[in-house]
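File shown: run_29.json. Contents: JSON, C-alpha atoms.
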[["chain", "number", "residue", "atom", "x", "y", "z"],
["A", 133, "MET", "CA", -43.27, 18.49, 8.28],
["A", 134, "ARG", "CA", -40.71, 21.29, 8.10],
["A", 135, "THR", "CA", -39.28, 20.14, 11.42],
["A", 136, "GLY", "CA", -38.63, 16.67, 9.96],
["A", 137, "ARG", "CA", -36.88, 18.15, 6.93],
["A", 138, "TYR", "CA", -34.84, 20.45, 9.20],
["A", 139, "ASN", "CA", -33.73, 17.51, 11.38],
["A", 140, "LEU", "CA", -32.83, 15.45, 8.31],
["A", 141, "GLU", "CA", -30.74, 18.30, 6.88],
["A", 142, "GLN", "CA", -28.94, 18.71, 10.22],
["A", 143, "THR", "CA", -28.15, 14.99, 10.30],
["A", 144, "ASN", "CA", -26.83, 15.10, 6.72],
["A", 145, "ARG", "CA", -24.62, 18.09, 7.56],
["A", 146, "LYS", "CA", -23.11, 16.22, 10.51],
["A", 147, "LYS", "CA", -22.24, 13.23, 8.30],
["A", 148, "ARG", "CA", -20.59, 15.30, 5.55],
["A", 149, "PRO", "CA", -17.42, 16.29, 7.44],
["A", 150, "CYS", "CA", -16.76, 12.64, 8.31],
["A", 151, "ARG", "CA", -17.19, 11.64, 4.67],
["A", 152, "GLY", "CA", -14.88, 14.46, 3.61],
["A", 153, "VAL", "CA", -12.17, 13.34, 6.01],
["A", 154, "LEU", "CA", -12.48, 9.72, 4.84],
["A", 155, "ARG", "CA", -12.30, 10.85, 1.21],
["A", 156, "ILE", "CA", -9.14, 12.87, 1.91],
["A", 157, "VAL", "CA", -7.53, 9.94, 3.74],
["A", 158, "ALA", "CA", -8.39, 7.61, 0.83],
["A", 159, "LEU", "CA", -6.96, 10.09, -1.70],
["A", 160, "VAL", "CA", -3.76, 10.42, 0.35],
["A", 161, "LEU", "CA", -3.44, 6.62, 0.46],
["A", 162, "CYS", "CA", -3.91, 6.43, -3.33],
["A", 163, "GLY", "CA", -1.23, 9.10, -3.77],
["A", 164, "LEU", "CA", 1.14, 7.30, -1.42],
["A", 165, "ILE", "CA", 0.69, 4.00, -3.23],
["A", 166, "LEU", "CA", 1.34, 5.63, -6.59],
["A", 167, "GLY", "CA", 4.36, 7.53, -5.22],
["A", 168, "ILE", "CA", 5.84, 4.40, -3.69],
["A", 169, "ASN", "CA", 5.33, 2.54, -6.98],
["A", 170, "VAL", "CA", 7.21, 5.28, -8.86],
["A", 171, "TYR", "CA", 9.98, 5.31, -6.23],
["A", 172, "PHE", "CA", 10.49, 1.52, -6.36],
["A", 173, "PHE", "CA", 10.32, 1.48, -10.17],
["A", 174, "ASN", "CA", 13.03, 4.15, -10.39],
["A", 175, "ALA", "CA", 15.23, 2.44, -7.79],
["A", 176, "ASN", "CA", 14.92, -0.83, -9.65],
["A", 177, "SER", "CA", 15.31, 0.36, -13.24],
["A", 178, "LEU", "CA", 17.82, 3.20, -12.79],
["A", 179, "VAL", "CA", 20.04, 1.89, -9.99],
["A", 180, "GLY", "CA", 19.36, -1.85, -10.15],
["A", 181, "ASN", "CA", 18.43, -1.86, -6.46],
["A", 182, "GLN", "CA", 15.74, -4.50, -5.95],
["A", 183, "LEU", "CA", 15.12, -3.44, -2.35],
["A", 184, "PRO", "CA", 15.54, 0.29, -1.73],
["A", 185, "MET", "CA", 15.63, 0.99, 1.99],
["A", 186, "PRO", "CA", 14.84, 4.63, 2.71],
["A", 187, "LEU", "CA", 15.44, 5.44, 6.37],
["A", 188, "GLY", "CA", 16.87, 1.94, 6.87],
["A", 189, "PHE", "CA", 13.59, 0.08, 6.26],
["A", 190, "GLY", "CA", 12.24, -1.79, 3.27],
["A", 191, "VAL", "CA", 9.47, -4.15, 2.25],
["A", 192, "ALA", "CA", 9.51, -7.13, -0.06],
["A", 193, "VAL", "CA", 7.14, -9.82, -1.21],
["A", 194, "VAL", "CA", 8.02, -13.49, -0.74],
["A", 195, "LEU", "CA", 7.95, -15.07, -4.19],
["A", 196, "SER", "CA", 8.72, -18.71, -3.41],
["A", 197, "GLY", "CA", 8.11, -21.38, -0.81],
["A", 198, "SER", "CA", 11.77, -21.84, 0.15],
["A", 199, "MET", "CA", 11.12, -20.44, 3.65],
["A", 200, "GLU", "CA", 8.03, -22.55, 4.43],
["A", 201, "PRO", "CA", 6.57, -22.75, 7.05],
["A", 202, "GLU", "CA", 8.09, -19.47, 8.34],
["A", 203, "PHE", "CA", 7.01, -17.47, 5.27],
["A", 204, "SER", "CA", 4.69, -18.44, 2.43],
["A", 205, "LYS", "CA", 4.56, -17.22, -1.11],
["A", 206, "GLY", "CA", 2.69, -13.91, -1.13],
["A", 207, "ASP", "CA", 3.68, -12.79, 2.38],
["A", 208, "LEU", "CA", 4.84, -9.20, 2.82],
["A", 209, "ILE", "CA", 8.06, -8.95, 4.82],
["A", 210, "PHE", "CA", 9.52, -5.90, 6.52],
["A", 211, "VAL", "CA", 13.29, -5.58, 6.49],
["A", 212, "THR", "CA", 15.59, -3.36, 8.52],
["A", 213, "GLU", "CA", 19.26, -2.60, 8.07],
["A", 214, "THR", "CA", 21.43, -3.76, 10.91],
["A", 215, "ALA", "CA", 25.16, -3.72, 11.69],
["A", 216, "GLU", "CA", 25.35, -7.26, 13.05],
["A", 217, "TYR", "CA", 23.98, -10.54, 11.82],
["A", 218, "HIS", "CA", 23.84, -13.82, 13.71],
["A", 219, "GLU", "CA", 23.18, -17.43, 12.84],
["A", 220, "ARG", "CA", 19.43, -18.15, 12.65],
["A", 221, "ASP", "CA", 18.66, -14.56, 11.51],
["A", 222, "ILE", "CA", 16.42, -14.39, 8.45],
["A", 223, "VAL", "CA", 17.97, -11.98, 5.97],
["A", 224, "VAL", "CA", 17.31, -10.58, 2.53],
["A", 225, "PHE", "CA", 20.14, -10.38, 0.02],
["A", 226, "GLN", "CA", 20.33, -9.46, -3.64],
["A", 227, "ASP", "CA", 21.47, -12.22, -5.96],
["A", 228, "GLY", "CA", 21.85, -10.68, -9.40],
["A", 229, "ASN", "CA", 18.49, -9.12, -10.26],
["A", 230, "SER", "CA", 16.49, -11.01, -7.65],
["A", 231, "LEU", "CA", 16.08, -10.92, -3.91],
["A", 232, "VAL", "CA", 16.54, -13.99, -1.73],
["A", 233, "VAL", "CA", 14.99, -14.41, 1.72],
["A", 234, "HIS", "CA", 16.84, -17.13, 3.64],
["A", 235, "ARG", "CA", 18.11, -17.95, 7.11],
["A", 236, "ILE", "CA", 21.78, -17.56, 8.05],
["A", 237, "VAL", "CA", 23.21, -20.99, 8.87],
["A", 238, "LYS", "CA", 26.90, -20.11, 9.12],
["A", 239, "ILE", "CA", 29.07, -16.99, 9.45],
["A", 240, "ASP", "CA", 32.78, -17.24, 8.69],
["A", 241, "GLY", "CA", 34.28, -13.73, 8.78],
["A", 242, "ASP", "CA", 32.68, -11.84, 5.89],
["A", 243, "ALA", "CA", 31.41, -15.03, 4.25],
["A", 244, "VAL", "CA", 27.79, -15.78, 5.12],
["A", 245, "THR", "CA", 26.05, -19.04, 4.26],
["A", 246, "THR", "CA", 22.27, -19.05, 4.05],
["A", 247, "GLN", "CA", 19.65, -21.70, 3.48],
["A", 248, "GLY", "CA", 15.90, -21.71, 2.97],
["A", 249, "ASP", "CA", 14.02, -23.54, 5.74],
["A", 250, "ALA", "CA", 12.35, -25.76, 3.12],
["A", 251, "ASN", "CA", 15.58, -26.39, 1.17],
["A", 252, "ASN", "CA", 17.77, -29.48, 1.66],
["A", 253, "THR", "CA", 21.09, -27.81, 0.90],
["A", 254, "PRO", "CA", 22.66, -24.47, 1.85],
["A", 255, "ASP", "CA", 23.23, -21.68, -0.67],
["A", 256, "GLU", "CA", 26.64, -20.70, -1.95],
["A", 257, "PRO", "CA", 28.34, -18.38, 0.58],
["A", 258, "ILE", "CA", 27.80, -14.66, -0.02],
["A", 259, "ASP", "CA", 29.72, -11.63, 1.15],
["A", 260, "ARG", "CA", 28.24, -9.88, 4.17],
["A", 261, "THR", "CA", 27.90, -6.67, 2.07],
["A", 262, "ALA", "CA", 25.34, -8.42, -0.20],
["A", 263, "ILE", "CA", 22.88, -8.60, 2.69],
["A", 264, "LYS", "CA", 20.26, -5.87, 2.48],
["A", 265, "GLY", "CA", 18.82, -6.38, 5.94],
["A", 266, "LYS", "CA", 17.17, -8.59, 8.50],
["A", 267, "VAL", "CA", 13.49, -9.55, 8.42],
["A", 268, "VAL", "CA", 11.74, -8.09, 11.48],
["A", 269, "PHE", "CA", 8.12, -9.14, 10.83],
["A", 270, "ASP", "CA", 5.70, -10.19, 8.13],
["A", 271, "LEU", "CA", 2.09, -9.85, 7.08],
["A", 272, "PRO", "CA", 0.72, -13.10, 5.63],
["A", 273, "PHE", "CA", -0.75, -12.85, 2.10],
["A", 274, "VAL", "CA", -0.60, -9.01, 2.02],
["A", 275, "GLY", "CA", 2.21, -9.29, -0.51],
["A", 276, "ASN", "CA", -0.30, -10.54, -3.08],
["A", 277, "ILE", "CA", -2.12, -7.20, -2.83],
["A", 278, "VAL", "CA", 1.17, -5.27, -3.09],
["A", 279, "THR", "CA", 2.17, -7.30, -6.14],
["A", 280, "PHE", "CA", -1.19, -6.59, -7.78],
["A", 281, "LEU", "CA", -0.92, -2.84, -7.06],
["A", 282, "LYS", "CA", 2.41, -2.77, -8.91],
["A", 283, "THR", "CA", 0.90, -4.16, -12.11],
["A", 284, "PRO", "CA", -0.49, -1.88, -14.83],
["A", 285, "ILE", "CA", -4.02, -3.06, -14.01],
["A", 286, "GLY", "CA", -3.42, -2.33, -10.30],
["A", 287, "ILE", "CA", -2.19, 1.18, -11.09],
["A", 288, "ILE", "CA", -5.24, 1.76, -13.30],
["A", 289, "CYS", "CA", -7.46, 0.59, -10.39],
["A", 290, "ILE", "CA", -5.74, 3.06, -8.03],
["A", 291, "LEU", "CA", -6.17, 5.91, -10.51],
["A", 292, "ALA", "CA", -9.82, 4.96, -11.08],
["A", 293, "ALA", "CA", -10.43, 4.89, -7.33],
["A", 294, "ALA", "CA", -8.81, 8.31, -6.90],
["A", 295, "LEU", "CA", -10.89, 9.72, -9.76],
["A", 296, "ALA", "CA", -14.07, 8.23, -8.28],
["A", 297, "LEU", "CA", -13.24, 9.69, -4.85],
["A", 298, "ILE", "CA", -13.00, 13.13, -6.45],
["A", 299, "GLU", "CA", -15.75, 12.94, -9.07],
["A", 300, "ILE", "CA", -18.60, 11.16, -7.24],
["A", 301, "PRO", "CA", -18.85, 13.67, -4.36],
["A", 302, "ARG", "CA", -18.59, 16.56, -6.84],
["A", 303, "ARG", "CA", -21.47, 15.19, -8.91],
["A", 304, "ARG", "CA", -23.51, 14.48, -5.77],
["A", 305, "ALA", "CA", -23.03, 18.05, -4.56],
["A", 306, "LYS", "CA", -23.95, 19.40, -8.00],
["A", 307, "LYS", "CA", -27.13, 17.29, -8.02],
["A", 308, "GLN", "CA", -28.07, 18.48, -4.52],
["A", 309, "ASP", "CA", -27.51, 22.10, -5.59],
["A", 310, "LEU", "CA", -29.78, 21.63, -8.60],
["A", 311, "GLU", "CA", -32.46, 20.01, -6.44],
["A", 312, "GLU", "CA", -32.21, 22.85, -3.92],
["A", 313, "LYS", "CA", -32.52, 25.46, -6.71],
["A", 314, "GLN", "CA", -35.51, 23.60, -8.12],
["A", 315, "ARG", "CA", -37.15, 23.50, -4.69],
["A", 316, "ILE", "CA", -36.57, 27.26, -4.23],
["A", 317, "LEU", "CA", -38.01, 28.00, -7.68],
["A", 318, "GLU", "CA", -41.08, 25.89, -6.91],
["A", 319, "GLU", "CA", -41.51, 27.70, -3.57],
["A", 320, "ILE", "CA", -41.24, 31.10, -5.34],
["A", 321, "LYS", "CA", -43.76, 29.98, -7.96],
["A", 322, "ARG", "CA", -46.13, 28.76, -5.25],
["A", 323, "LEU", "CA", -45.87, 32.07, -3.37],
["A", 324, "ARG", "CA", -46.53, 34.08, -6.54],
["A", 325, "GLU", "CA", -49.61, 32.01, -7.35],
["A", 326, "LYS", "CA", -50.83, 32.55, -3.79],
["A", 327, "ASP", "CA", -50.81, 36.35, -4.20]]
File written out as structure tokens:
Amino acid sequence: MRTGRYNLEQTNRKKRPCRGVLRIVALVLCGLILGINVYFFNANSLVGNQLPMPLGFGVAVVLSGSMEPEFSKGDLIFVTETAEYHERDIVVFQDGNSLVVHRIVKIDGDAVTTQGDANNTPDEPIDRTAIKGKVVFDLPFVGNIVTFLKTPIGIICILAAALALIEIPRRRAKKQDLEEKQRILEEIKRLREKD
């Protein structure tokens, strides 16, 4: 019987480091998500930059169906800064306080004309400097998750998850310590009664 308990305890000890690593990774991810939210909020509210691009890369969420079937509403797109743009490139540019994701249909010097794939008419020409970057790839529907994580409820969910990742293992360890102390006390009591 003691051998079975010993083997079970060894198995539990082997699983604990893996759980600890996973918990740390999850906490780091929660911290990154919160940090990125703060960064984007500050870039947007303080500087008016709808698409900050640290290290020349940025992400945005497609908010309309103007680029169907290439991109759908809720897709997450990854954008990179580039020195040259060509016709047929899909670019992101800031139009006032909003971002537009459209395809370049004409380049005339510094004037760039874009159009959504699902739109019948081209947009008004923009200056090349208004272009934030070129879309390099997308993740379908992942933008919906990103949008949710930026909401107050999403941030509360992230904080709750981080708190649970810290508190649940702490309470579990405390409970195991109490059970172990109780077992030791019962063993001591049994040995005393035996004498």
So what do you get for atom CA of Ile239 of chain A versus atom CA of Pro257 of chain A, distance-wise?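 Computing the Euclidean distance for atom CA of Ile239 of chain A and atom CA of Pro257 of chain A yields 9.0 Å.
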How many Å separate atom CA of Lys321 of chain A from atom CA of Ala305 of chain A? 24.2 Å
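Across the model, the gap from atom CA of Val157 of chain A to atom CA of Val194 of chain A is 28.5 Å.
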Determine, counting all atoms listed in the file, which protein, DNA and RNA residues have an atom within 8 Å of an atom of Asp255 of chain A; residues of the same chain fewer than 6 positions away are not included. Present the result as a ChimeraX atom specification. /A:245-247
When you look at Glu213 of chain A with a cut-off of 9 Å (counting all atoms listed in the file), what residues show up, excluding the ones that are within fewer than 2 positions of it in the same chain? I need them as a ChimeraX atom specification. /A:185,188-190,211,215,263-266
Take the selection from the previous step and output its residues with C-alpha atoms, as a PDB file, keeping the file's coordinate frame.
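Below you can see part.pdb, which holds the result:
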ATOM      1  CA  MET A 185      15.630   0.990   1.990  1.00  0.00           C
ATOM      2  CA  GLY A 188      16.870   1.940   6.870  1.00  0.00           C
ATOM      3  CA  PHE A 189      13.590   0.080   6.260  1.00  0.00           C
ATOM      4  CA  GLY A 190      12.240  -1.790   3.270  1.00  0.00           C
ATOM      5  CA  VAL A 211      13.290  -5.580   6.490  1.00  0.00           C
ATOM      6  CA  ALA A 215      25.160  -3.720  11.690  1.00  0.00           C
ATOM      7  CA  ILE A 263      22.880  -8.600   2.690  1.00  0.00           C
ATOM      8  CA  LYS A 264      20.260  -5.870   2.480  1.00  0.00           C
ATOM      9  CA  GLY A 265      18.820  -6.380   5.940  1.00  0.00           C
ATOM     10  CA  LYS A 266      17.170  -8.590   8.500  1.00  0.00           C
TER      11      LYS A 266
END
Fewer than 2 positions away in the same chain doesn't count, so skip those; otherwise give me all residues within 10 Å of Arg235 of chain A, counting only C-alpha atoms, as a list in words. Met199, His218, Glu219, Arg220, Asp221, Ile222, Val223, Val224, Val232, Val233, Val237, Lys238, Thr245, Thr246, Gln247, Gly248, Asp249, Pro254, Lys266 and Val267 of chain A
Counting all atoms listed in the file, write as a list in words all protein and nucleic acid residues lying at most 12 Å from (-15.5, 10.6, -6.5) in the file's frame.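 Checking each residue against the 12 Å limit leaves Arg151, Gly152, Leu154, Arg155, Ile156, Ala158, Leu159, Leu291, Ala292, Ala293, Ala294, Leu295, Ala296, Leu297, Ile298, Glu299, Ile300, Pro301, Arg302, Arg303, Arg304 and Ala305 of chain A.
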Atoms to include: C-alpha atoms. Write the selected residues as an mmCIF file, in the frame of the given file.
data_model
loop_
_atom_site.group_PDB
_atom_site.id
_atom_site.type_symbol
_atom_site.label_atom_id
_atom_site.label_comp_id
_atom_site.auth_asym_id
_atom_site.auth_seq_id
_atom_site.Cartn_x
_atom_site.Cartn_y
_atom_site.Cartn_z
ATOM 1 C CA ARG A 151 -17.190 11.640 4.670
ATOM 2 C CA GLY A 152 -14.880 14.460 3.610
ATOM 3 C CA LEU A 154 -12.480 9.720 4.840
ATOM 4 C CA ARG A 155 -12.300 10.850 1.210
ATOM 5 C CA ILE A 156 -9.140 12.870 1.910
ATOM 6 C CA ALA A 158 -8.390 7.610 0.830
ATOM 7 C CA LEU A 159 -6.960 10.090 -1.700
ATOM 8 C CA LEU A 291 -6.170 5.910 -10.510
ATOM 9 C CA ALA A 292 -9.820 4.960 -11.080
ATOM 10 C CA ALA A 293 -10.430 4.890 -7.330
ATOM 11 C CA ALA A 294 -8.810 8.310 -6.900
ATOM 12 C CA LEU A 295 -10.890 9.720 -9.760
ATOM 13 C CA ALA A 296 -14.070 8.230 -8.280
ATOM 14 C CA LEU A 297 -13.240 9.690 -4.850
ATOM 15 C CA ILE A 298 -13.000 13.130 -6.450
ATOM 16 C CA GLU A 299 -15.750 12.940 -9.070
ATOM 17 C CA ILE A 300 -18.600 11.160 -7.240
ATOM 18 C CA PRO A 301 -18.850 13.670 -4.360
ATOM 19 C CA ARG A 302 -18.590 16.560 -6.840
ATOM 20 C CA ARG A 303 -21.470 15.190 -8.910
ATOM 21 C CA ARG A 304 -23.510 14.480 -5.770
ATOM 22 C CA ALA A 305 -23.030 18.050 -4.560
#
Considering all atoms listed in the file, return as a ChimeraX atom specification whatever protein or nucleic-acid residues lie within 10 Å of Val193 of chain A, sequence-local ones (same chain, fewer than 3 positions apart) excluded. /A:196,204-210,231,233,270-279
Selected residue of minimal separation from Pro201 of chain A among A:Val244, A:Val160, A:Ala250, A:Leu281, counting only C-alpha atoms: A:Ala250
Please fill the gaps in segment 245-265 of chain A so it has N, CA and C atoms, and write that as a CSV table (one decimal), in the coordinates of the input.
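Result went into result31.csv, see below:
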chain,number,residue,atom,x,y,z
A,245,THR,N,26.8,-17.9,4.9
A,245,THR,CA,26.0,-19.0,4.3
A,245,THR,C,24.6,-19.0,4.7
A,246,THR,N,23.7,-19.1,3.8
A,246,THR,CA,22.3,-19.0,4.0
A,246,THR,C,21.6,-20.3,3.5
A,247,GLN,N,20.4,-20.6,4.0
A,247,GLN,CA,19.6,-21.7,3.5
A,247,GLN,C,18.2,-21.4,3.7
A,248,GLY,N,17.3,-21.8,2.8
A,248,GLY,CA,15.9,-21.7,3.0
A,248,GLY,C,15.4,-22.8,3.9
A,249,ASP,N,14.5,-22.5,4.8
A,249,ASP,CA,14.0,-23.5,5.7
A,249,ASP,C,13.5,-24.8,5.0
A,250,ALA,N,12.9,-24.6,3.9
A,250,ALA,CA,12.4,-25.8,3.1
A,250,ALA,C,13.4,-26.4,2.2
A,251,ASN,N,14.6,-25.9,2.1
A,251,ASN,CA,15.6,-26.4,1.2
A,251,ASN,C,16.4,-27.4,1.9
A,252,ASN,N,16.9,-28.4,1.1
A,252,ASN,CA,17.8,-29.5,1.7
A,252,ASN,C,19.2,-29.1,1.8
A,253,THR,N,19.7,-28.2,0.9
A,253,THR,CA,21.1,-27.8,0.9
A,253,THR,C,21.3,-26.3,1.1
A,254,PRO,N,22.4,-25.9,1.7
A,254,PRO,CA,22.7,-24.5,1.8
A,254,PRO,C,23.0,-23.8,0.5
A,255,ASP,N,22.9,-22.5,0.5
A,255,ASP,CA,23.2,-21.7,-0.7
A,255,ASP,C,24.7,-21.5,-0.7
A,256,GLU,N,25.2,-21.1,-1.8
A,256,GLU,CA,26.6,-20.7,-2.0
A,256,GLU,C,26.9,-19.5,-1.0
A,257,PRO,N,28.1,-19.5,-0.3
A,257,PRO,CA,28.3,-18.4,0.6
A,257,PRO,C,28.3,-17.0,-0.2
A,258,ILE,N,27.8,-16.0,0.5
A,258,ILE,CA,27.8,-14.7,0.0
A,258,ILE,C,28.6,-13.8,0.9
A,259,ASP,N,29.0,-12.6,0.3
A,259,ASP,CA,29.7,-11.6,1.2
A,259,ASP,C,28.7,-10.9,2.0
A,260,ARG,N,29.1,-10.6,3.2
A,260,ARG,CA,28.2,-9.9,4.2
A,260,ARG,C,27.6,-8.6,3.6
A,261,THR,N,28.4,-7.9,2.7
A,261,THR,CA,27.9,-6.7,2.1
A,261,THR,C,26.7,-6.9,1.1
A,262,ALA,N,26.5,-8.1,0.7
A,262,ALA,CA,25.3,-8.4,-0.2
A,262,ALA,C,24.0,-8.4,0.6
A,263,ILE,N,24.1,-8.5,1.9
A,263,ILE,CA,22.9,-8.6,2.7
A,263,ILE,C,22.3,-7.2,2.8
A,264,LYS,N,21.0,-7.1,2.4
A,264,LYS,CA,20.3,-5.9,2.5
A,264,LYS,C,19.8,-5.6,3.9
A,265,GLY,N,19.3,-6.6,4.6
A,265,GLY,CA,18.8,-6.4,5.9
A,265,GLY,C,18.2,-7.6,6.5
